[in-house]
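Right, one structure below, let's go through it.
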Amino acid sequence: MILTYCYRIKPSPEQIFTMERWLELLRRHWNYALGQRLDWLRRTRCPIDRCSVSYEPIGKIPELVNYYTQQAALKETKRLFPEYKKIYAETQQVNLQRLNKAWDKCLKPDANGKRGGRPRFKKPGKLRSRSVTKGQSFVFPRINSPKAGSHLVDGVLKLSRIGLIPVVMHRPLPVSEAWPKGVGFTLKQCTVVKKADGWYCCISMKDDTVPEILPVDSIKSAIGIDVGLEKFLVTSDGEAVPIPQFYRKAQGKLAEAQKVMSRRVKGSKNWNKAKHKVALMHLHLTRCRKEFHYQVAHWLCSKYDLIVHENLNIKGLARTRLAKSVNDAAWGAFLEILQTVAVKRGLLVQEVNPRGTSIECFNCGSRVEKSLSDRVHCCPSCNVKVDRDWNSGINILNRGLLAVGLPLNGCGKSAQDAVEQQVSFVNLRSPHHNL
């Protein structure tokens, strides 16, 4: 399992200038390499016996452009543009590897037959990858090895051709003196990231101490969770987590900051200051939401061995009139964090088909049609009256138990206990929960 520890670094003004220059040169190289690939694609996608004069360029068909040809051209790039000699060589290679990975996702479908979007040209200040969001970044692929370009020793990060940078070690690395054995942890790479509030280094390491996934026969407790917009989630045990709505609560301040930015002359110093203020607010909201997701994930994983959730089409829901609330809740990010925390603890997370979980009665299986405004499940067949999301959570749990091969309601609270009861909200910051 790959873990990433992120630390804040404090570079000098000269080092900041150097790293910003690196980002700009790498951005230009990305755009040039992407242009080569797109030109090759346009010239070779038409039939060999005819071509579209109005759309396709005429001329000699170029040779195949891939990662290896572009990497071999780095020597010529440095000869024509000597400023690229100042960039660490492996960092330039990783920049091409990022482009190659994005290009392959665009052309080659995955196991589910889906393809990624076409890579885009990067504007100034937009060089990033999916692994490091909300910031510009470049990578040193090796760290603390004999031929590595980055070394982290005693709270000081040494980067090749940049120098020594102090690091705020708010928590120790597992391979440091705090972990004398250092068993199972191997440092892999160092990513330097520029965010709105400063510079960071993200240290990736391989953890071989992650336990094996718990066998199905050893599962002692299971839970089904139903995510929503009225409540962040409701469990099959009748516990609910209130939704924080970080973006909704900060919407007024964001609107004021964005209004100030829109009234400034674009590109001026005052416009850049206003833009930086908006970026800081969005960064703060992102961190608050991420911290909340980790709290909920650790709370669930500390109580249950099996966690069942719906396989939602979140991208489709984000295109509806509820898009702002769906994006504010960030269910997709939460489910990824939940999966990561569960794997790290050796627990099992199962996804099920969400179709019909809200309209089926958990007690008798009857279909009770209801609209989104109906928040209580009232079954006329068995006279069960329960919260709508609670009913969905129990159905999700039952489907998950069938998927892994366990008997229904074999774990956790019995479904009959939910009759004519209300959900109870959970205070995640309470000292009674082990987070």
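Order determines the names: the first chain of the structure tokens is A, the second B, and so forth; residues in each chain are numbered 1 upward, and ligands are numbered 1 upward as they are shown.
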Item to check | Selection: 12 Å around range 329-332 of chain A, only C-alpha atoms, excl. self and same-chain fewer than 4 positions, as JSON, numbers by chain | outcome: {"A": [225, 226, 227, 228, 229, 230, 231, 232, 233, 242, 243, 244, 245, 246, 247, 248, 285, 286, 288, 289, 290, 292, 293, 296, 297, 309, 310, 311, 312, 313, 314, 315, 316, 317, 318, 322, 323, 324, 325, 336, 337, 338, 339]}
Can those selected residues be exported to a file as a PDB file, in the first residue's frame so that it contains C-alpha atoms?
ATOM      1  CA  ILE A 225     -24.683   3.214   5.037  1.00  0.00           C
ATOM      2  CA  ASP A 226     -26.979   5.397   2.966  1.00  0.00           C
ATOM      3  CA  VAL A 227     -25.477   8.754   1.956  1.00  0.00           C
ATOM      4  CA  GLY A 228     -27.731  11.720   1.362  1.00  0.00           C
ATOM      5  CA  LEU A 229     -28.102  15.492   1.306  1.00  0.00           C
ATOM      6  CA  GLU A 230     -30.410  15.976   4.299  1.00  0.00           C
ATOM      7  CA  LYS A 231     -28.078  13.847   6.448  1.00  0.00           C
ATOM      8  CA  PHE A 232     -24.583  12.990   5.328  1.00  0.00           C
ATOM      9  CA  LEU A 233     -25.182   9.313   6.019  1.00  0.00           C
ATOM     10  CA  PRO A 242     -25.276  15.445  10.141  1.00  0.00           C
ATOM     11  CA  ILE A 243     -24.113  17.007   6.917  1.00  0.00           C
ATOM     12  CA  PRO A 244     -21.730  19.932   7.516  1.00  0.00           C
ATOM     13  CA  GLN A 245     -22.358  21.851   4.231  1.00  0.00           C
ATOM     14  CA  PHE A 246     -19.017  23.638   4.294  1.00  0.00           C
ATOM     15  CA  TYR A 247     -19.500  25.312   0.921  1.00  0.00           C
ATOM     16  CA  ARG A 248     -23.079  26.358   1.608  1.00  0.00           C
ATOM     17  CA  LEU A 285     -13.007  24.448   2.601  1.00  0.00           C
ATOM     18  CA  THR A 286     -11.242  21.520   0.935  1.00  0.00           C
ATOM     19  CA  CYS A 288     -12.290  21.010   6.331  1.00  0.00           C
ATOM     20  CA  ARG A 289     -14.224  18.617   4.114  1.00  0.00           C
ATOM     21  CA  LYS A 290     -11.320  16.169   3.941  1.00  0.00           C
ATOM     22  CA  PHE A 292     -14.609  15.509   8.142  1.00  0.00           C
ATOM     23  CA  HIS A 293     -14.458  12.590   5.709  1.00  0.00           C
ATOM     24  CA  VAL A 296     -16.445   9.592   9.554  1.00  0.00           C
ATOM     25  CA  ALA A 297     -14.317   6.892   7.892  1.00  0.00           C
ATOM     26  CA  HIS A 309     -22.451   1.272   0.551  1.00  0.00           C
ATOM     27  CA  GLU A 310     -24.264   2.033  -2.691  1.00  0.00           C
ATOM     28  CA  ASN A 311     -22.492   2.120  -6.047  1.00  0.00           C
ATOM     29  CA  LEU A 312     -23.802   5.573  -6.951  1.00  0.00           C
ATOM     30  CA  ASN A 313     -23.492   7.362 -10.278  1.00  0.00           C
ATOM     31  CA  ILE A 314     -22.097  10.494  -8.639  1.00  0.00           C
ATOM     32  CA  LYS A 315     -21.117  12.148 -11.922  1.00  0.00           C
ATOM     33  CA  GLY A 316     -24.688  11.792 -13.152  1.00  0.00           C
ATOM     34  CA  LEU A 317     -26.103  13.224  -9.924  1.00  0.00           C
ATOM     35  CA  ALA A 318     -23.689  16.151 -10.212  1.00  0.00           C
ATOM     36  CA  LEU A 322     -28.807  19.230  -6.903  1.00  0.00           C
ATOM     37  CA  ALA A 323     -25.301  19.579  -8.323  1.00  0.00           C
ATOM     38  CA  LYS A 324     -24.094  22.159  -5.808  1.00  0.00           C
ATOM     39  CA  SER A 325     -25.206  20.103  -2.813  1.00  0.00           C
ATOM     40  CA  GLU A 336     -12.349   6.654  -1.642  1.00  0.00           C
ATOM     41  CA  ILE A 337     -11.143   7.686   1.817  1.00  0.00           C
ATOM     42  CA  LEU A 338     -13.360   5.022   3.400  1.00  0.00           C
ATOM     43  CA  GLN A 339     -11.869   2.367   1.130  1.00  0.00           C
TER      44      GLN A 339
END
Checklist entry - If you run DSSP on this backbone, which residues of range 158-273 of chain A come out as helix (DSSP H, G or I), and could you give them as a ChimeraX atom specification? => result /A:216-218,246-249,251-262,269-273
Prev. selection, N, CA, C and O atoms, output as an mmCIF file, in the first residue's frame:
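To be explicit, this is the file written out as selection_17.cif:
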data_model
loop_
_atom_site.group_PDB
_atom_site.id
_atom_site.type_symbol
_atom_site.label_atom_id
_atom_site.label_comp_id
_atom_site.auth_asym_id
_atom_site.auth_seq_id
_atom_site.Cartn_x
_atom_site.Cartn_y
_atom_site.Cartn_z
ATOM 1 N N VAL A 216 -14.266 -13.536 5.253
ATOM 2 C CA VAL A 216 -15.709 -13.372 5.463
ATOM 3 C C VAL A 216 -16.168 -14.126 6.707
ATOM 4 O O VAL A 216 -17.040 -13.652 7.449
ATOM 5 N N ASP A 217 -15.592 -15.274 6.970
ATOM 6 C CA ASP A 217 -16.004 -16.069 8.131
ATOM 7 C C ASP A 217 -15.659 -15.386 9.446
ATOM 8 O O ASP A 217 -16.246 -15.710 10.487
ATOM 9 N N SER A 218 -14.719 -14.438 9.425
ATOM 10 C CA SER A 218 -14.298 -13.773 10.656
ATOM 11 C C SER A 218 -15.023 -12.450 10.906
ATOM 12 O O SER A 218 -14.724 -11.766 11.874
ATOM 13 N N PHE A 246 -20.082 22.638 4.176
ATOM 14 C CA PHE A 246 -19.017 23.638 4.294
ATOM 15 C C PHE A 246 -19.146 24.724 3.224
ATOM 16 O O PHE A 246 -19.018 25.913 3.524
ATOM 17 N N TYR A 247 -19.416 24.321 1.989
ATOM 18 C CA TYR A 247 -19.500 25.312 0.921
ATOM 19 C C TYR A 247 -20.732 26.191 1.081
ATOM 20 O O TYR A 247 -20.671 27.402 0.858
ATOM 21 N N ARG A 248 -21.847 25.582 1.447
ATOM 22 C CA ARG A 248 -23.079 26.358 1.608
ATOM 23 C C ARG A 248 -22.915 27.445 2.672
ATOM 24 O O ARG A 248 -23.375 28.575 2.503
ATOM 25 N N LYS A 249 -22.251 27.100 3.772
ATOM 26 C CA LYS A 249 -22.099 28.063 4.862
ATOM 27 C C LYS A 249 -21.114 29.172 4.500
ATOM 28 O O LYS A 249 -21.232 30.289 5.022
ATOM 29 N N GLN A 251 -20.694 30.315 1.417
ATOM 30 C CA GLN A 251 -21.049 30.824 0.100
ATOM 31 C C GLN A 251 -21.112 32.348 0.078
ATOM 32 O O GLN A 251 -20.720 32.982 -0.906
ATOM 33 N N GLY A 252 -21.600 32.949 1.167
ATOM 34 C CA GLY A 252 -21.694 34.401 1.212
ATOM 35 C C GLY A 252 -20.331 35.080 1.176
ATOM 36 O O GLY A 252 -20.107 36.029 0.414
ATOM 37 N N LYS A 253 -19.399 34.565 1.989
ATOM 38 C CA LYS A 253 -18.054 35.146 2.000
ATOM 39 C C LYS A 253 -17.337 34.921 0.672
ATOM 40 O O LYS A 253 -16.610 35.794 0.201
ATOM 41 N N LEU A 254 -17.570 33.758 0.079
ATOM 42 C CA LEU A 254 -16.958 33.499 -1.220
ATOM 43 C C LEU A 254 -17.504 34.440 -2.284
ATOM 44 O O LEU A 254 -16.761 34.938 -3.134
ATOM 45 N N ALA A 255 -18.795 34.704 -2.235
ATOM 46 C CA ALA A 255 -19.397 35.603 -3.217
ATOM 47 C C ALA A 255 -18.825 37.012 -3.087
ATOM 48 O O ALA A 255 -18.555 37.684 -4.094
ATOM 49 N N GLU A 256 -18.631 37.460 -1.849
ATOM 50 C CA GLU A 256 -18.052 38.786 -1.648
ATOM 51 C C GLU A 256 -16.618 38.852 -2.167
ATOM 52 O O GLU A 256 -16.218 39.811 -2.826
ATOM 53 N N ALA A 257 -15.829 37.810 -1.872
ATOM 54 C CA ALA A 257 -14.435 37.796 -2.336
ATOM 55 C C ALA A 257 -14.357 37.727 -3.862
ATOM 56 O O ALA A 257 -13.512 38.379 -4.479
ATOM 57 N N GLN A 258 -15.236 36.946 -4.478
ATOM 58 C CA GLN A 258 -15.228 36.838 -5.929
ATOM 59 C C GLN A 258 -15.726 38.117 -6.590
ATOM 60 O O GLN A 258 -15.286 38.473 -7.690
ATOM 61 N N LYS A 259 -16.638 38.829 -5.921
ATOM 62 C CA LYS A 259 -17.110 40.105 -6.453
ATOM 63 C C LYS A 259 -15.978 41.127 -6.443
ATOM 64 O O LYS A 259 -15.799 41.902 -7.400
ATOM 65 N N VAL A 260 -15.195 41.120 -5.378
ATOM 66 C CA VAL A 260 -14.049 42.035 -5.315
ATOM 67 C C VAL A 260 -13.058 41.705 -6.427
ATOM 68 O O VAL A 260 -12.522 42.612 -7.093
ATOM 69 N N MET A 261 -12.811 40.413 -6.660
ATOM 70 C CA MET A 261 -11.871 40.021 -7.706
ATOM 71 C C MET A 261 -12.389 40.406 -9.087
ATOM 72 O O MET A 261 -11.616 40.840 -9.957
ATOM 73 N N SER A 262 -13.691 40.269 -9.324
ATOM 74 C CA SER A 262 -14.237 40.590 -10.647
ATOM 75 C C SER A 262 -14.169 42.075 -10.966
ATOM 76 O O SER A 262 -14.191 42.459 -12.145
ATOM 77 N N LYS A 269 -1.929 43.733 -9.928
ATOM 78 C CA LYS A 269 -1.518 43.257 -8.609
ATOM 79 C C LYS A 269 -2.718 43.107 -7.673
ATOM 80 O O LYS A 269 -2.790 42.150 -6.905
ATOM 81 N N ASN A 270 -3.645 44.059 -7.723
ATOM 82 C CA ASN A 270 -4.829 43.946 -6.870
ATOM 83 C C ASN A 270 -5.689 42.749 -7.269
ATOM 84 O O ASN A 270 -6.293 42.087 -6.414
ATOM 85 N N TRP A 271 -5.748 42.477 -8.565
ATOM 86 C CA TRP A 271 -6.503 41.295 -9.007
ATOM 87 C C TRP A 271 -5.842 40.017 -8.502
ATOM 88 O O TRP A 271 -6.532 39.084 -8.074
ATOM 89 N N ASN A 272 -4.527 39.950 -8.547
ATOM 90 C CA ASN A 272 -3.820 38.775 -8.043
ATOM 91 C C ASN A 272 -4.015 38.603 -6.537
ATOM 92 O O ASN A 272 -4.141 37.476 -6.043
ATOM 93 N N LYS A 273 -4.051 39.717 -5.793
ATOM 94 C CA LYS A 273 -4.300 39.625 -4.352
ATOM 95 C C LYS A 273 -5.704 39.099 -4.068
ATOM 96 O O LYS A 273 -5.895 38.241 -3.195
#
Checklist entry - Could you name the residues that touch range 63-80 of chain A at 8 Å or less, counting only C-alpha atoms, but leaving out those on the same chain fewer than 5 positions away, as a PyMOL selection string? => result chain A and resi 33+36-37+40+85+93+96-97+100
Produce a file of the selected residues containing N, CA and C atoms, as a PDB file, in the first residue's frame.
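Once everything was written out, this is out_7.pdb:
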ATOM      1  N   ALA A  33       5.056  18.833 -25.982  1.00  0.00           N
ATOM      2  CA  ALA A  33       4.950  17.389 -26.179  1.00  0.00           C
ATOM      3  C   ALA A  33       3.517  16.978 -26.511  1.00  0.00           C
ATOM      4  N   GLN A  36       2.834  17.775 -30.143  1.00  0.00           N
ATOM      5  CA  GLN A  36       3.406  16.756 -31.032  1.00  0.00           C
ATOM      6  C   GLN A  36       2.463  15.561 -31.169  1.00  0.00           C
ATOM      7  N   ARG A  37       1.918  15.102 -30.056  1.00  0.00           N
ATOM      8  CA  ARG A  37       1.036  13.937 -30.090  1.00  0.00           C
ATOM      9  C   ARG A  37      -0.256  14.249 -30.834  1.00  0.00           C
ATOM     10  N   TRP A  40       0.431  14.387 -34.590  1.00  0.00           N
ATOM     11  CA  TRP A  40       0.558  13.033 -35.129  1.00  0.00           C
ATOM     12  C   TRP A  40      -0.803  12.363 -35.257  1.00  0.00           C
ATOM     13  N   LYS A  85      18.646  22.785 -18.939  1.00  0.00           N
ATOM     14  CA  LYS A  85      19.746  22.072 -18.299  1.00  0.00           C
ATOM     15  C   LYS A  85      19.735  22.252 -16.783  1.00  0.00           C
ATOM     16  N   GLN A  93      11.723  13.781 -17.022  1.00  0.00           N
ATOM     17  CA  GLN A  93      11.208  12.498 -17.486  1.00  0.00           C
ATOM     18  C   GLN A  93       9.857  12.177 -16.859  1.00  0.00           C
ATOM     19  N   LEU A  96       7.064  13.908 -18.664  1.00  0.00           N
ATOM     20  CA  LEU A  96       6.631  13.189 -19.860  1.00  0.00           C
ATOM     21  C   LEU A  96       5.853  11.918 -19.499  1.00  0.00           C
ATOM     22  N   GLN A  97       6.211  11.282 -18.387  1.00  0.00           N
ATOM     23  CA  GLN A  97       5.466  10.102 -17.957  1.00  0.00           C
ATOM     24  C   GLN A  97       4.039  10.461 -17.581  1.00  0.00           C
ATOM     25  N   ASN A 100       2.208  10.832 -20.820  1.00  0.00           N
ATOM     26  CA  ASN A 100       1.998   9.532 -21.445  1.00  0.00           C
ATOM     27  C   ASN A 100       0.871   8.764 -20.762  1.00  0.00           C
TER      28      ASN A 100
END
Checklist entry - Between CA of Ala240 in chain A and CA of Cys379 in chain A, what is the spacing in Å? => result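 So the answer is 21.5 Å.
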Item to check | Within 12 Å of range 345-353 of chain A using only C-alpha atoms, minus same-chain residues under 3 positions, as a ChimeraX atom specification | outcome: /A:1,209-226,297-298,300-313,335-342,356-358,392-393,395-405
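Comparing the minimum interatomic distances between Pro11 in chain A and each of A:Pro141, A:Pro166, A:Pro354, A:Pro82, counting only C-alpha atoms, we find that A:Pro166 sits nearest.
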Next on the checklist: Just to confirm, what's the straight-line distance from CA of Phe121 in chain A to CA of Thr18 in chain A in Å (one decimal)?
Outcome noted: 22.6 Å
